[in-house]
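Next up, my_file.tsv (TSV, C-alpha atoms):
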```tsv
chain	number	residue	atom	x	y	z
W	14	MET	CA	-14.81	-21.88	-14.65
W	15	LEU	CA	-16.86	-22.01	-11.47
W	16	HIS	CA	-19.91	-19.83	-10.98
W	17	SER	CA	-21.35	-18.78	-7.61
W	18	SER	CA	-24.19	-21.28	-7.92
W	19	GLU	CA	-24.77	-22.19	-4.27
W	20	ARG	CA	-22.95	-19.28	-2.62
W	21	ILE	CA	-20.85	-16.29	-3.59
W	22	LEU	CA	-17.34	-17.61	-4.16
W	23	THR	CA	-14.15	-15.74	-3.25
W	24	THR	CA	-10.84	-15.30	-5.02
W	25	HIS	CA	-8.03	-12.75	-5.40
W	26	CYS	CA	-5.75	-11.43	-8.15
W	27	GLY	CA	-2.67	-13.59	-7.72
W	28	SER	CA	0.25	-11.96	-5.95
W	29	LEU	CA	0.49	-12.35	-2.19
W	30	PRO	CA	3.10	-11.16	0.35
W	31	ARG	CA	6.51	-12.75	0.01
W	32	PRO	CA	8.82	-13.43	2.98
W	33	LYS	CA	11.46	-10.77	3.59
W	34	GLU	CA	14.36	-13.13	2.85
W	35	LEU	CA	12.84	-14.08	-0.50
W	36	THR	CA	12.11	-10.45	-1.38
W	37	GLN	CA	15.70	-9.50	-0.55
W	38	MET	CA	17.06	-12.14	-2.92
W	39	TYR	CA	14.72	-11.09	-5.71
W	40	ALA	CA	15.73	-7.45	-5.19
W	41	ASP	CA	19.43	-8.33	-5.20
W	42	ARG	CA	19.13	-10.34	-8.40
W	43	SER	CA	17.07	-7.60	-10.04
W	44	ALA	CA	19.83	-5.10	-9.15
W	45	GLY	CA	22.39	-7.25	-10.97
W	46	GLN	CA	23.92	-8.91	-7.94
W	47	LYS	CA	24.81	-12.59	-8.06
W	48	VAL	CA	22.58	-14.78	-5.89
W	49	ASP	CA	22.56	-18.47	-5.05
W	50	GLU	CA	19.86	-19.71	-7.44
W	51	ALA	CA	19.41	-22.98	-5.51
W	52	GLU	CA	18.84	-21.08	-2.26
W	53	LEU	CA	16.42	-18.72	-4.04
W	54	ALA	CA	14.44	-21.65	-5.44
W	55	ALA	CA	14.30	-23.30	-2.02
W	56	LEU	CA	13.05	-20.12	-0.34
W	57	ALA	CA	10.43	-19.65	-3.06
W	58	LYS	CA	9.14	-23.21	-2.68
W	59	GLN	CA	9.04	-22.80	1.09
W	60	ALA	CA	6.99	-19.61	0.62
W	61	LEU	CA	4.63	-21.44	-1.74
W	62	ASN	CA	4.02	-24.15	0.84
W	63	TRP	CA	3.18	-21.46	3.40
W	64	VAL	CA	0.96	-19.22	1.30
W	65	VAL	CA	-1.43	-21.89	-0.01
W	66	PRO	CA	-2.75	-23.05	3.40
W	67	GLN	CA	-2.96	-19.39	4.47
W	68	GLN	CA	-5.39	-18.74	1.62
W	69	ILE	CA	-7.48	-21.79	2.45
W	70	ALA	CA	-7.64	-20.82	6.13
W	71	SER	CA	-8.74	-17.30	5.15
W	72	GLY	CA	-11.73	-18.60	3.20
W	73	ILE	CA	-10.46	-18.28	-0.37
W	74	ASP	CA	-12.33	-20.61	-2.72
W	75	ILE	CA	-10.38	-19.96	-5.92
W	76	GLY	CA	-6.73	-19.58	-4.99
W	77	ASN	CA	-3.27	-19.82	-6.49
W	78	ASN	CA	0.43	-20.13	-5.67
W	79	GLY	CA	0.71	-16.49	-4.61
W	80	GLU	CA	3.32	-15.92	-7.36
W	81	GLN	CA	5.98	-16.79	-4.80
W	82	GLN	CA	8.30	-18.24	-7.43
W	83	ARG	CA	8.37	-15.00	-9.45
W	84	GLU	CA	9.90	-11.63	-8.59
W	85	ALA	CA	7.07	-9.68	-10.24
W	86	PHE	CA	3.93	-10.42	-12.20
W	87	PHE	CA	5.54	-9.86	-15.62
W	88	LEU	CA	9.28	-9.31	-15.09
W	89	TYR	CA	9.87	-13.02	-14.49
W	90	VAL	CA	9.51	-13.65	-18.25
W	91	ARG	CA	13.06	-12.38	-18.77
W	92	HIS	CA	14.25	-15.63	-17.13
W	93	ARG	CA	12.04	-17.82	-19.33
W	94	MET	CA	12.33	-16.12	-22.72
W	95	SER	CA	15.22	-15.19	-24.97
W	96	GLY	CA	15.81	-11.70	-26.28
W	97	PHE	CA	15.75	-9.54	-23.15
W	98	GLY	CA	18.65	-7.43	-21.88
W	99	GLY	CA	19.80	-3.88	-21.31
W	100	ALA	CA	17.65	-1.49	-19.32
W	101	TRP	CA	15.41	1.57	-19.60
W	102	ASN	CA	13.13	3.59	-17.34
W	103	ARG	CA	9.39	3.66	-17.88
W	104	ARG	CA	7.76	7.03	-18.51
W	105	ILE	CA	6.44	8.77	-15.40
W	106	PHE	CA	2.73	8.10	-14.93
W	107	ALA	CA	0.58	11.12	-15.78
W	108	ASP	CA	-0.95	11.41	-12.31
W	109	VAL	CA	2.45	11.03	-10.62
W	110	ALA	CA	3.90	13.81	-12.80
W	111	LYS	CA	0.89	16.01	-12.08
W	112	TYR	CA	1.42	16.14	-8.31
W	113	ALA	CA	4.98	17.02	-7.31
W	114	GLY	CA	4.33	16.44	-3.62
W	115	TYR	CA	3.01	12.97	-4.21
W	116	ARG	CA	5.86	12.20	-6.61
W	117	ALA	CA	8.43	13.11	-3.94
W	118	GLN	CA	6.60	11.05	-1.35
W	119	GLN	CA	6.46	8.05	-3.67
W	120	ALA	CA	10.17	8.33	-4.49
W	121	ALA	CA	11.09	8.48	-0.79
W	122	SER	CA	8.94	5.44	-0.05
W	123	HIS	CA	10.53	3.40	-2.83
W	124	ALA	CA	14.03	4.45	-1.80
W	125	ALA	CA	13.42	3.22	1.74
W	126	THR	CA	12.04	-0.15	0.63
W	127	VAL	CA	13.81	-3.33	-0.42
W	128	SER	CA	11.88	-4.20	-3.56
W	129	VAL	CA	11.86	-5.02	-7.25
W	130	SER	CA	10.90	-2.08	-9.45
W	131	ASN	CA	8.76	-2.70	-12.52
W	132	THR	CA	9.36	0.82	-13.89
W	133	ALA	CA	13.06	1.60	-13.32
W	134	THR	CA	15.92	-0.21	-15.12
W	135	VAL	CA	13.45	-2.59	-16.75
W	136	PRO	CA	14.87	-4.90	-19.46
W	137	GLN	CA	14.34	-4.24	-23.16
W	138	ALA	CA	13.76	-6.60	-26.07
W	139	ILE	CA	17.17	-6.58	-27.75
W	140	GLY	CA	16.87	-9.86	-29.68
W	141	GLU	CA	14.37	-12.42	-30.89
W	142	VAL	CA	11.83	-13.27	-28.20
W	143	LYS	CA	11.13	-16.98	-27.82
W	144	TYR	CA	10.12	-19.21	-24.94
W	145	LEU	CA	13.24	-21.08	-23.85
W	146	ASP	CA	11.85	-24.30	-22.37
W	147	ARG	CA	8.30	-25.39	-21.54
W	148	ALA	CA	9.75	-27.29	-18.57
W	149	LEU	CA	10.24	-23.95	-16.79
W	150	VAL	CA	6.50	-23.28	-16.44
W	151	GLU	CA	5.75	-27.00	-16.04
W	152	ALA	CA	7.98	-27.08	-12.96
W	153	GLU	CA	6.10	-24.16	-11.40
W	154	CYS	CA	2.77	-25.86	-12.11
W	155	ASN	CA	4.05	-29.15	-10.67
W	156	ASP	CA	5.19	-27.46	-7.47
W	157	PHE	CA	1.75	-25.89	-7.03
W	158	ARG	CA	0.01	-29.21	-7.71
W	159	ALA	CA	2.22	-30.99	-5.15
W	160	CYS	CA	1.50	-28.31	-2.58
W	161	LEU	CA	-2.25	-28.65	-3.15
W	162	ALA	CA	-2.05	-32.43	-2.84
W	163	ALA	CA	-0.52	-32.04	0.62
W	164	GLN	CA	-3.45	-29.95	1.92
W	165	PRO	CA	-6.26	-31.64	3.90
W	166	ARG	CA	-8.68	-29.31	2.10
W	167	GLY	CA	-7.89	-27.60	-1.18
W	168	PHE	CA	-9.46	-24.91	-3.33
W	169	ALA	CA	-12.79	-25.27	-5.07
W	170	GLU	CA	-10.80	-24.25	-8.15
W	171	PRO	CA	-7.10	-23.39	-8.45
W	172	PHE	CA	-5.91	-20.67	-10.80
W	173	PHE	CA	-2.58	-19.57	-12.22
W	174	THR	CA	-1.50	-16.19	-13.58
W	175	ALA	CA	0.45	-15.13	-16.65
W	176	PRO	CA	0.95	-11.65	-18.11
W	177	SER	CA	-0.70	-10.09	-21.13
W	178	PRO	CA	1.60	-9.63	-24.14
W	179	GLY	CA	0.56	-5.97	-23.96
W	180	ILE	CA	2.03	-5.28	-20.51
W	181	VAL	CA	5.31	-6.91	-21.52
W	182	ALA	CA	5.40	-4.91	-24.78
W	183	ALA	CA	4.63	-1.64	-23.00
W	184	ALA	CA	6.93	-2.10	-20.02
W	185	MET	CA	9.85	-3.96	-21.63
W	186	LEU	CA	10.76	-1.60	-24.47
W	187	ASN	CA	11.00	-2.90	-28.03
W	188	ALA	CA	14.55	-2.26	-29.21
W	189	PHE	CA	14.66	-5.07	-31.77
W	190	TYR	CA	11.48	-5.57	-33.81
W	191	ASP	CA	10.59	-3.28	-36.70
W	192	SER	CA	7.06	-2.69	-35.41
W	193	GLU	CA	5.00	-2.93	-32.25
W	194	GLN	CA	2.79	-5.55	-33.91
W	195	ALA	CA	5.78	-7.75	-34.71
W	196	TYR	CA	6.86	-7.51	-31.06
W	197	LEU	CA	3.33	-8.32	-29.87
W	198	ASP	CA	3.17	-11.29	-32.21
W	199	ALA	CA	6.43	-12.68	-30.85
W	200	LEU	CA	5.29	-12.17	-27.26
W	201	GLY	CA	1.91	-13.75	-27.98
W	202	GLU	CA	3.56	-16.83	-29.45
W	203	ALA	CA	5.95	-17.10	-26.49
W	204	LEU	CA	3.24	-16.58	-23.88
W	205	ARG	CA	1.04	-19.15	-25.65
W	206	VAL	CA	3.44	-21.73	-24.21
W	207	GLU	CA	2.62	-20.58	-20.67
W	208	TYR	CA	-1.10	-20.18	-21.32
W	209	GLU	CA	-1.49	-23.67	-22.79
W	210	THR	CA	0.73	-25.35	-20.20
W	211	ILE	CA	-1.20	-23.76	-17.32
W	212	VAL	CA	-4.57	-24.90	-18.66
W	213	ARG	CA	-3.28	-28.34	-19.62
W	214	SER	CA	-2.03	-28.69	-16.04
W	215	GLY	CA	-5.62	-28.34	-14.83
W	216	PHE	CA	-5.55	-24.73	-13.67
W	217	LEU	CA	-7.79	-21.81	-14.53
W	218	LEU	CA	-5.72	-19.21	-16.41
W	219	GLN	CA	-5.78	-15.57	-15.34
W	220	ILE	CA	-4.18	-13.17	-17.82
W	221	ASP	CA	-2.93	-10.06	-16.04
W	222	ALA	CA	-3.50	-7.11	-18.37
W	223	PRO	CA	-3.22	-3.76	-16.58
W	224	ASP	CA	-2.01	-2.42	-19.93
W	225	LEU	CA	-5.59	-2.48	-21.21
W	226	ALA	CA	-6.45	0.43	-18.90
W	227	MET	CA	-3.21	1.68	-17.30
W	228	GLU	CA	-1.28	2.47	-20.49
W	229	ARG	CA	-3.73	5.31	-21.19
W	230	HIS	CA	-1.95	7.39	-18.51
W	231	ILE	CA	1.54	6.11	-19.29
W	232	THR	CA	2.46	5.40	-22.91
W	233	TYR	CA	-0.61	7.13	-24.34
W	234	GLN	CA	-0.94	10.03	-21.91
W	235	ASP	CA	-0.24	12.66	-24.60
W	236	ARG	CA	-2.12	10.96	-27.41
W	237	PRO	CA	-5.79	10.80	-28.40
W	238	LEU	CA	-8.05	8.25	-26.73
W	239	SER	CA	-8.57	6.63	-30.13
W	240	ASP	CA	-4.85	5.77	-30.34
W	241	PHE	CA	-5.02	4.07	-26.97
W	242	LEU	CA	-8.14	2.11	-27.89
W	243	GLU	CA	-6.43	0.92	-31.06
W	244	PHE	CA	-3.58	-0.36	-28.85
W	245	VAL	CA	-6.13	-2.20	-26.70
W	246	GLU	CA	-7.62	-3.75	-29.85
W	247	ARG	CA	-4.18	-4.91	-31.01
W	248	VAL	CA	-3.44	-6.50	-27.65
W	249	ILE	CA	-6.85	-8.21	-27.47
W	250	GLY	CA	-6.26	-9.59	-30.98
W	251	THR	CA	-2.86	-10.92	-29.87
W	252	ILE	CA	-4.36	-12.50	-26.74
W	253	ASN	CA	-7.11	-14.17	-28.76
W	254	ARG	CA	-4.56	-15.71	-31.14
W	255	ALA	CA	-2.52	-16.97	-28.17
W	256	LEU	CA	-5.67	-18.58	-26.74
W	257	VAL	CA	-6.64	-20.36	-29.96
W	258	ASN	CA	-6.31	-23.82	-28.36
W	259	ILE	CA	-7.87	-22.92	-25.01
W	260	PRO	CA	-11.62	-22.97	-24.23
W	261	ARG	CA	-12.81	-19.50	-23.22
W	262	ASP	CA	-14.34	-20.82	-20.00
W	263	ARG	CA	-10.83	-21.67	-18.75
W	264	VAL	CA	-9.60	-18.06	-18.92
W	265	ARG	CA	-10.32	-14.87	-16.99
W	266	LEU	CA	-8.86	-11.48	-17.89
W	267	HIS	CA	-7.65	-9.12	-15.15
W	268	VAL	CA	-7.68	-5.43	-16.09
W	269	CYS	CA	-6.83	-2.49	-13.83
W	270	TRP	CA	-5.38	1.03	-13.74
W	271	GLY	CA	-2.14	0.24	-11.93
W	272	ASN	CA	-1.55	-1.21	-8.49
W	273	TYR	CA	-0.24	1.89	-6.72
W	274	GLU	CA	-1.73	4.22	-4.14
W	275	GLY	CA	-1.78	7.42	-6.16
W	276	PRO	CA	-4.17	10.14	-7.38
W	277	HIS	CA	-5.44	8.10	-10.36
W	278	ASP	CA	-7.28	11.13	-11.69
W	279	CYS	CA	-5.83	10.54	-15.15
W	280	ASP	CA	-7.33	7.04	-15.42
W	281	VAL	CA	-9.37	6.19	-18.50
W	282	PRO	CA	-13.06	5.53	-17.63
W	283	LEU	CA	-14.16	1.91	-17.70
W	284	GLN	CA	-16.99	2.81	-20.08
W	285	ASP	CA	-14.39	3.76	-22.71
W	286	VAL	CA	-12.50	0.46	-22.64
W	287	LEU	CA	-15.12	-2.15	-21.75
W	288	PRO	CA	-16.59	-2.43	-25.29
W	289	VAL	CA	-13.13	-3.43	-26.58
W	290	LEU	CA	-12.42	-5.75	-23.62
W	291	LEU	CA	-15.58	-7.68	-24.46
W	292	HIS	CA	-13.91	-8.81	-27.70
W	293	ALA	CA	-11.49	-10.93	-25.65
W	294	ASN	CA	-12.21	-14.64	-25.99
W	295	VAL	CA	-12.39	-15.22	-22.24
W	296	GLY	CA	-14.98	-16.54	-19.81
W	297	GLY	CA	-14.65	-13.78	-17.25
W	298	LEU	CA	-13.33	-10.33	-16.40
W	299	VAL	CA	-11.58	-9.31	-13.17
W	300	LEU	CA	-12.24	-5.62	-12.45
W	301	PRO	CA	-11.63	-3.31	-9.45
W	302	PHE	CA	-14.65	-1.80	-7.71
W	303	ALA	CA	-13.28	-1.21	-4.20
W	304	ASN	CA	-10.85	1.67	-4.70
W	305	PRO	CA	-12.20	5.23	-4.39
W	306	ARG	CA	-11.52	6.17	-8.00
W	307	HIS	CA	-13.46	3.32	-9.61
W	308	ALA	CA	-15.97	2.17	-7.00
W	309	HIS	CA	-18.85	3.76	-8.92
W	310	GLU	CA	-18.09	2.06	-12.21
W	311	TYR	CA	-20.15	-1.04	-11.51
W	312	HIS	CA	-22.91	1.05	-13.09
W	313	VAL	CA	-21.17	0.56	-16.44
W	314	LEU	CA	-22.19	-3.11	-16.28
W	315	GLU	CA	-25.84	-2.05	-16.36
W	316	LYS	CA	-25.46	-0.60	-19.84
W	317	GLN	CA	-22.56	-2.56	-21.35
W	318	THR	CA	-23.51	-6.11	-20.53
W	319	LEU	CA	-21.17	-9.06	-20.35
W	320	HIS	CA	-21.65	-11.95	-22.73
W	321	PRO	CA	-24.20	-14.48	-21.39
W	322	ASP	CA	-21.51	-17.08	-20.64
W	323	GLN	CA	-19.19	-14.70	-18.77
W	324	ILE	CA	-18.66	-14.16	-15.05
W	325	ILE	CA	-17.18	-11.15	-13.32
W	326	VAL	CA	-14.72	-11.16	-10.46
W	327	ALA	CA	-15.57	-7.94	-8.68
W	328	GLY	CA	-12.89	-6.26	-6.60
W	329	VAL	CA	-14.51	-5.70	-3.19
W	330	ILE	CA	-11.41	-5.22	-1.05
W	331	ASP	CA	-8.52	-2.84	-1.69
W	332	PRO	CA	-4.93	-4.24	-1.70
W	333	LEU	CA	-3.41	-0.79	-1.10
W	334	THR	CA	-4.82	0.09	2.31
W	335	ASN	CA	-4.47	-1.47	5.76
W	336	PHE	CA	-8.11	-0.73	6.50
W	337	ILE	CA	-9.89	-4.05	7.01
W	338	GLU	CA	-13.17	-3.64	5.18
W	339	HIS	CA	-16.23	-4.46	7.25
W	340	PRO	CA	-18.01	-7.61	6.03
W	341	GLU	CA	-21.23	-5.61	5.64
W	342	VAL	CA	-19.43	-3.15	3.35
W	343	ILE	CA	-18.08	-6.07	1.33
W	344	ALA	CA	-21.54	-7.64	1.13
W	345	GLU	CA	-23.02	-4.39	-0.14
W	346	ARG	CA	-20.33	-4.11	-2.81
W	347	ILE	CA	-21.06	-7.66	-3.98
W	348	GLU	CA	-24.78	-6.96	-4.07
W	349	ARG	CA	-24.33	-3.78	-6.14
W	350	VAL	CA	-22.35	-5.64	-8.79
W	351	ALA	CA	-24.84	-8.53	-8.76
W	352	ARG	CA	-27.70	-6.13	-9.41
W	353	ALA	CA	-25.77	-4.47	-12.24
W	354	VAL	CA	-24.95	-7.82	-13.87
W	355	GLY	CA	-28.46	-9.14	-13.24
W	356	ASP	CA	-27.41	-12.57	-11.96
W	357	PRO	CA	-25.58	-13.16	-8.65
W	358	LYS	CA	-24.42	-16.57	-9.86
W	359	ARG	CA	-22.15	-14.80	-12.33
W	360	VAL	CA	-20.43	-12.71	-9.64
W	361	ILE	CA	-17.35	-13.78	-7.65
W	362	ALA	CA	-15.91	-11.66	-4.85
W	363	GLY	CA	-12.30	-10.66	-5.33
W	364	VAL	CA	-9.52	-8.15	-4.69
W	365	ASP	CA	-8.89	-5.05	-6.83
W	366	CYS	CA	-5.36	-6.20	-7.67
W	367	GLY	CA	-2.47	-8.15	-6.18
W	368	PHE	CA	-1.07	-7.54	-2.71
W	369	ASP	CA	2.58	-7.70	-3.85
W	370	THR	CA	2.67	-7.47	-7.65
W	371	SER	CA	6.37	-6.65	-7.58
W	372	ALA	CA	8.31	-8.16	-4.69
W	373	GLY	CA	8.53	-5.75	-1.76
W	374	ARG	CA	6.15	-3.15	-3.20
W	375	GLY	CA	3.12	-4.36	-1.23
W	376	LYS	CA	1.49	-1.71	0.99
W	377	VAL	CA	-0.49	-3.98	3.32
W	378	ALA	CA	1.04	-5.72	6.35
W	379	ASP	CA	1.12	-9.50	6.00
W	380	ASP	CA	-1.24	-10.23	8.88
W	381	VAL	CA	-3.67	-7.57	7.67
W	382	VAL	CA	-3.77	-9.23	4.23
W	383	TRP	CA	-5.18	-12.41	5.73
W	384	ALA	CA	-7.62	-10.48	7.92
W	385	LYS	CA	-8.89	-8.67	4.82
W	386	MET	CA	-9.32	-12.00	3.03
W	387	SER	CA	-11.26	-13.40	5.99
W	388	ALA	CA	-13.47	-10.31	6.01
W	389	MET	CA	-14.13	-10.88	2.30
W	390	ALA	CA	-15.16	-14.47	2.98
W	391	GLU	CA	-17.55	-13.28	5.70
W	392	GLY	CA	-18.94	-10.56	3.43
W	393	ALA	CA	-19.51	-13.16	0.72
W	394	ARG	CA	-21.43	-15.32	3.20
W	395	ILE	CA	-23.65	-12.37	4.09
W	396	ALA	CA	-24.24	-11.52	0.44
W	397	SER	CA	-24.97	-15.18	-0.34
W	398	GLY	CA	-27.80	-15.19	2.20
W	399	ARG	CA	-29.35	-12.12	0.64
W	400	LEU	CA	-28.76	-12.87	-3.04
W	401	LEU	CA	-29.10	-16.65	-3.21
W	402	ARG	CA	-31.59	-17.08	-0.36
W	403	ILE	CA	-29.38	-19.49	1.55
```

Could the structure of this file be written out as structure tokens, please?
Amino acid sequence: MLHSSERILTTHCGSLPRPKELTQMYADRSAGQKVDEAELAALAKQALNWVVPQQIASGIDIGNNGEQQREAFFLYVRHRMSGFGGAWNRRIFADVAKYAGYRAQQAASHAATVSVSNTATVPQAIGEVKYLDRALVEAECNDFRACLAAQPRGFAEPFFTAPSPGIVAAAMLNAFYDSEQAYLDALGEALRVEYETIVRSGFLLQIDAPDLAMERHITYQDRPLSDFLEFVERVIGTINRALVNIPRDRVRLHVCWGNYEGPHDCDVPLQDVLPVLLHANVGGLVLPFANPRHAHEYHVLEKQTLHPDQIIVAGVIDPLTNFIEHPEVIAERIERVARAVGDPKRVIAGVDCGFDTSAGRGKVADDVVWAKMSAMAEGARIASGRLLRI
């Protein structure tokens, strides 16, 4: 895993805007309509070949495939694993339920948008969960590798995302296994196929685990904090077992409170979950520090220090607003985190979360996304001059 040795490097969280035609097909398929799978695959590959050079041109050092060949950051597993079917609706988030006006506004926005929902009519586990064929993830890796090979200039380091077993277990209801732990174990074993294939293909693995913070105000909103922290411990244990054959410096863990523009005043504080997160056998954490609810929490890193070999990807731009952050603001955010960590070489500039974690749900206009990325690259250059004396 690269460190910011000569300059502050830049990255993002994985999902990037998808073309409208591709989003429409994902939404249609998600709604149960029959789609031309060959046409869908062709559109997705075309989107991949567009999104990679866009990242490079915007100054991204550690980039990925934009998740163009998936309809959502975790829902795609239903096409690669056995055992999923039926449907259920996720519990209303605590902060959404708390504010009726916001809830109505959110519902109207979703109703007017062509998108894939990751909370409504989500599949359940109704049978044994197993990975169907390693070739499915190998093909996605091969497409990304071929795309990179065609670029005159690539990434300093390419990464690839895969979901935490915890987010799948929380969002895709267990209606088969006799315990949550049995379900987690099955998911961990299935996802181990993706984790190992991604790393063996030469990519840095990012595990997307919003469950390790977000589930506090969803599944565990009416339960004691201790119950939620025990869930986090169970998921971290499952992740560590799935990573048994992977060096920790090839994995970064992305944790957040949900990628939606809402009140977020029911979010669990970072200081409550970070001690448990540090038990994950990973080389880095990806945390949001740009959004207004969590921007102050870089201070937590002053008291609860990372392991000496770990880096932090600090969210310094917000994927939920069309404001283009000023490079000086971005530089200051990077510098604050660097001071808290105590070593700027262990800090990478990033985005709080994905720009389109579920197809069509992105809030930022496509052209603004790339302008925000470019601003982040400029902010990182400014911070590099101050922190690394370049």

Can you check which parts of segment 139-183 of chain W lie within 9 Å of segment 65-76 of chain W? Per residue, the shortest pair of atoms and distance in Å to one decimal, counting all atoms listed in the file, sorted by chain and number, as a Markdown table.
```
| residue | atom | partner | partner_atom | distance |
| --- | --- | --- | --- | --- |
| W:Phe157 | CA | W:Val65 | CA | 8.7 |
| W:Cys160 | CA | W:Val65 | CA | 7.5 |
| W:Leu161 | CA | W:Val65 | CA | 7.5 |
| W:Gln164 | CA | W:Pro66 | CA | 7.1 |
| W:Arg166 | CA | W:Ile69 | CA | 7.6 |
| W:Gly167 | CA | W:Ile69 | CA | 6.9 |
| W:Phe168 | CA | W:Asp74 | CA | 5.2 |
| W:Ala169 | CA | W:Asp74 | CA | 5.2 |
| W:Glu170 | CA | W:Ile75 | CA | 4.9 |
| W:Pro171 | CA | W:Gly76 | CA | 5.2 |
| W:Phe172 | CA | W:Gly76 | CA | 6.0 |
| W:Phe173 | CA | W:Gly76 | CA | 8.3 |
```

Create the file for the chosen residues now, containing C-alpha atoms and written as a PDB file, in the frame of the given file.
```pdb
ATOM      1  CA  PHE W 157       1.750 -25.890  -7.030  1.00  0.00           C
ATOM      2  CA  CYS W 160       1.500 -28.310  -2.580  1.00  0.00           C
ATOM      3  CA  LEU W 161      -2.250 -28.650  -3.150  1.00  0.00           C
ATOM      4  CA  GLN W 164      -3.450 -29.950   1.920  1.00  0.00           C
ATOM      5  CA  ARG W 166      -8.680 -29.310   2.100  1.00  0.00           C
ATOM      6  CA  GLY W 167      -7.890 -27.600  -1.180  1.00  0.00           C
ATOM      7  CA  PHE W 168      -9.460 -24.910  -3.330  1.00  0.00           C
ATOM      8  CA  ALA W 169     -12.790 -25.270  -5.070  1.00  0.00           C
ATOM      9  CA  GLU W 170     -10.800 -24.250  -8.150  1.00  0.00           C
ATOM     10  CA  PRO W 171      -7.100 -23.390  -8.450  1.00  0.00           C
ATOM     11  CA  PHE W 172      -5.910 -20.670 -10.800  1.00  0.00           C
ATOM     12  CA  PHE W 173      -2.580 -19.570 -12.220  1.00  0.00           C
TER      13      PHE W 173
END
```

Exercise. Pick out the residues sitting within 8 Å of segment 191-201 of chain W, and hand them over as a PyMOL selection string; count all atoms listed in the file, and ignore anything fewer than 6 positions along from it in its own chain.
Key: chain W and resi 141-143+178-179+181-182+247-248+251-252+254-255

Quiz item: How far is it from atom CA of Trp270 of chain W to atom CA of Trp101 of chain W, in Å with one decimal?
Solution: 21.6 Å

Residue contacts of Gly140 of chain W (9 Å, only C-alpha atoms) excluding same-chain residues fewer than 4 positions away, as an mmCIF file with C-alpha atoms, in the coordinates of the input:
```cif
data_model
loop_
_atom_site.group_PDB
_atom_site.id
_atom_site.type_symbol
_atom_site.label_atom_id
_atom_site.label_comp_id
_atom_site.auth_asym_id
_atom_site.auth_seq_id
_atom_site.Cartn_x
_atom_site.Cartn_y
_atom_site.Cartn_z
ATOM 1 C CA SER W 95 15.220 -15.190 -24.970
ATOM 2 C CA GLY W 96 15.810 -11.700 -26.280
ATOM 3 C CA PHE W 97 15.750 -9.540 -23.150
ATOM 4 C CA GLY W 98 18.650 -7.430 -21.880
ATOM 5 C CA ALA W 188 14.550 -2.260 -29.210
ATOM 6 C CA PHE W 189 14.660 -5.070 -31.770
ATOM 7 C CA TYR W 190 11.480 -5.570 -33.810
#
```

Self-check item: Shell of 7 Å around segment 340-347 of chain W, only C-alpha atoms, local chain residues under 4 positions omitted, as an MDAnalysis selection string
Solution: chainID W and resid 329 351 362 388:389 391:393 395:396

Quiz item: Residues around (-1.3, -24.9, -21.2), cut-off 12 Å, counting all atoms listed in the file - what are they as a ChimeraX atom specification?
Solution: /W:147-148,150-151,154,173-175,203-219,255-260,263-264

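The space separating atom CA of Ile249 of chain W from atom CA of His292 of chain W comes to 7.1 Å.
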
Practice problem: Just give me the gap between atom CA of Ile139 of chain W and atom CA of Ala100 of chain W in Å, one decimal is fine. | Solution: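 These two atoms are separated by 9.9 Å.
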
Exercise. Go through W:Ala327, W:Leu401, W:Ile337, W:Leu300 one by one, measure the shortest atom-to-atom distance of each to Asp221 of chain W using only C-alpha atoms, and give the residue with the smallest value.
Key: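 For Asp221 of chain W, the nearest of the candidates is W:Leu300.
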
Practice problem: Go through W:Gln119, W:Gln323, W:Gln234, W:Gln37 one by one, measure the shortest atom-to-atom distance of each to Gly373 of chain W using only C-alpha atoms, and give the residue with the smallest value. | Solution: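 Of the candidates, the smallest distance to Gly373 of chain W is held by W:Gln37.
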
Quiz prompt | For Glu52 of chain W, the nearest of the candidates W:Leu35, W:Ala124, W:Asp146, W:Ala40, counting all atoms listed in the file | solution =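 Under the stated criterion, the closest residue is W:Leu35.
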
Exercise: Leu400 of chain W partners within 9 Å, all atoms listed in the file, chain neighbours under 6 positions left out, as a PDB file with C-alpha atoms, in the frame of the given file:
```
ATOM      1  CA  ARG W  20     -22.950 -19.280  -2.620  1.00  0.00           C
ATOM      2  CA  ILE W  21     -20.850 -16.290  -3.590  1.00  0.00           C
ATOM      3  CA  GLU W 348     -24.780  -6.960  -4.070  1.00  0.00           C
ATOM      4  CA  ALA W 351     -24.840  -8.530  -8.760  1.00  0.00           C
ATOM      5  CA  PRO W 357     -25.580 -13.160  -8.650  1.00  0.00           C
ATOM      6  CA  LYS W 358     -24.420 -16.570  -9.860  1.00  0.00           C
TER       7      LYS W 358
END
```

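Minimum distance to Arg158 of chain W across W:Asn77, W:Asn294, W:Gln317, W:Ser28 (counting only C-alpha atoms) occurs at W:Asn77.
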
Draw an axis-aligned box tight on the listed atoms of segment 305-320 of chain W, then pad every side by 3 Å and write out centre and edge lengths in Å to one decimal as lines of an AutoDock Vina configuration file.
```
center_x = -18.7
center_y = -2.9
center_z = -13.6
size_x = 20.3
size_y = 24.1
size_z = 24.3
```

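Counting all atoms listed in the file and comparing W:Thr36, W:Val354, W:Phe336, W:Glu84, the residue that lies closest to Thr126 of chain W is W:Thr36.
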
If we count only C-alpha atoms and set the cut-off at 10 Å, which residues sit around Lys47 of chain W, ignoring sequence neighbours fewer than 5 positions away in its own chain? Please answer as a PDB file with C-alpha atoms, keeping the file's coordinate frame.
```
ATOM      1  CA  MET W  38      17.060 -12.140  -2.920  1.00  0.00           C
ATOM      2  CA  ASP W  41      19.430  -8.330  -5.200  1.00  0.00           C
ATOM      3  CA  ARG W  42      19.130 -10.340  -8.400  1.00  0.00           C
TER       4      ARG W  42
END
```
